[in-house]
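Notes for the one structure printed next.
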Amino acid sequence: MKAVRADALDSVADYRLVELPTPEPGPGEVRIKVAACGVGYVDALVSLGRYQVKPPLPHIPGGEAAGVVDAVGAGVTGLAAGDRVMAQVGGGFAEYAVARAPAVVKIPDAMAFEAACGFRINYVTALHGLRDRAALKAGERLLVSGAAGGVGAAAVQLGKILGAEVIACASSEDKRAFALSLGADKVIDTAPDGWRDRLKALTEGKGVDVYFDPVCGPLFELAFRSMAWGGRHLVVGFVGGPIPALPANLTLMKGAALVGVDVRQFMLFEGKKAQAHLAELLGWVAEGRLNPPVGRRFAFDDYAAALEFALSGQGLGKTVLTVG
């Protein structure tokens, strides 16, 4: 099989398209013929050794893939050859990938592989953050930063499904237009000068109840200062540069909470609940209530460009590497 692999993580140039033996599924494992693989910002960081957890070498990128079950190992039930699935894999930049059976989930017939390969992490993160960590209520005002990115776009869509008024924060006109197309009620730019005044005007002086923040950049403290009484500021990620700090007295003055959202640990410590969230989300897709957008697609041979684009922060939605 063909796969993208690197023996060092110094740059994208370390990666090569190589021929490898097709992996065999062991007991409790499933082999998937990969159709598409998601390429997120974290995937790009991992591929270059810049993430907090460095992968062993040699490394094949790609943690989320979608495709068709090709073979199952001993003891696997509920999955069979030909099933259309999404999966958490080790090495999705390959024609075939092996995953543990619990990490493989059937997808609705109407769901494209390109939408499925970037779905699980982004949408479970957003639902966990908004429902479990923020207890978002219908009628509340939700501000989403990085609203055109993979997890930000998910938060915009799920915020609307949960009944919130959604304000999308994004850095360019194209990104703000994309957020509006996903259902955002209002949009705001990211220029710090005068930003609080512009947000105040959008909220009629009432502030925001929940802030979903995968960026944690220059607007971090400004946004917290713009929270309504009892607001919840969700810390989802740090793609905005140096990790910011917050004066502790602000939490008291605003009666507000700074709340962490870590989907990896959520899946580890509350696995059954995470599975239930994913099942509910896929149910919404099957019903037509949720239509996940597909980001820019790259051909398999353009893997280097896909990684660089995912790292650039320019994408709308999650970038996709088309494999099969």
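Each chain in the structure tokens gets a letter, A, B and so on, in the order shown; residues start at 1 in every chain, and ligands are counted from 1 in the order they appear.
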Could you give me, as a VMD selection string, each residue of range 100-187 of chain A that DSSP assigns to alpha helix (DSSP H) when run on this structure's backbone? chain A and resid 113 to 116 120 to 127 150 to 161 173 to 181
For Pro25 in chain A, find every residue with an atom within 6 Å (counting only C-alpha atoms), except residues of its own chain fewer than 5 positions away, and show them as number ranges by chain. A: 30-31, 73
Residues from last step as file, N, CA and C atoms, as a JSON list (two decimals), in the first residue's frame:
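What ended up in out-v8.json:
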[["chain", "number", "residue", "atom", "x", "y", "z"],
["A", 30, "VAL", "N", -9.76, -3.53, 13.42],
["A", 30, "VAL", "CA", -10.46, -3.41, 12.14],
["A", 30, "VAL", "C", -9.53, -2.75, 11.14],
["A", 31, "ARG", "N", -9.47, -3.30, 9.93],
["A", 31, "ARG", "CA", -8.70, -2.65, 8.86],
["A", 31, "ARG", "C", -9.66, -1.88, 7.96],
["A", 73, "GLY", "N", -10.54, -8.28, 12.69],
["A", 73, "GLY", "CA", -9.78, -9.26, 13.42],
["A", 73, "GLY", "C", -10.66, -10.13, 14.29]]
Using only C-alpha atoms for the distances, tell me which of A:Gly67, A:Pro218, A:Gly129, A:Gly92 is nearest to Leu258 in chain A. A:Gly129
Within 10 Å of Leu222 in chain A, counting only C-alpha atoms, which residues show up once you throw out same-chain ones fewer than 5 positions away? Write them as JSON, numbers by chain, please. {"A": [192, 195, 196, 227, 246]}
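Among A:Gly217, A:Gly75, A:Tyr15, A:Ala94, the residue with the shortest atom-to-atom distance to Ala305 in chain A, counting only C-alpha atoms, is A:Tyr15.
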Skip Leu234 in chain A itself and residues of its chain fewer than 5 positions away, then list as an MDAnalysis selection string all residues within 8 Å of it, counting only C-alpha atoms. chainID A and resid 129 133:134 210:213 258:261
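The nearest approach to Lys318 in chain A among the residues A:Ala44, A:Val144, A:Ala101, A:Ala256, with only C-alpha atoms taken into account, belongs to A:Ala44.
You can rank A:Ala154, A:Ala126, A:Ala116, A:Leu250 by their closest distance to Val235 in chain A using only C-alpha atoms, and at the top of that list sits A:Ala126.
DSSP secondary structure from the backbone places Glu165, Val166, Ile167, Ala168, Cys169, Lys186, Val187, Ile188 and Val208 of chain A of range 159-208 of chain A in strand (DSSP E or B).
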Shell of 9 Å around Gly313 in chain A, only C-alpha atoms, local chain residues under 4 positions omitted, as number ranges by chain: A: 41, 149, 239, 309
Can you write out as CSV which residues of range 14-90 of chain A fall within 12 Å of range 287-297 of chain A, alongside each residue's closest atom pair and its distance in Å to one decimal, counting only C-alpha atoms and ordering rows by chain and ascending residue number?
residue,atom,partner,partner_atom,distance
A:Ala36,CA,A:Arg297,CA,9.3
A:Cys37,CA,A:Arg297,CA,9.9
A:Gly38,CA,A:Gly295,CA,9.3
A:Val39,CA,A:Gly295,CA,9.6
A:Gly40,CA,A:Gly295,CA,10.1
A:Leu268, A:Glu95, A:Cys117, A:Asp109: which is nearest Val320 in chain A, counting only C-alpha atoms? A:Cys117
Pick from A:Ala168, A:Ala304, A:Leu311, A:Val46, whichever lies nearest to Leu17 in chain A using only C-alpha atoms: A:Ala304
Set the distance at 10 Å and use only C-alpha atoms: which residues neighbour Pro21 in chain A once local chain neighbours fewer than 5 positions away are removed? I'd like the list as number ranges by chain. A: 1-3, 96
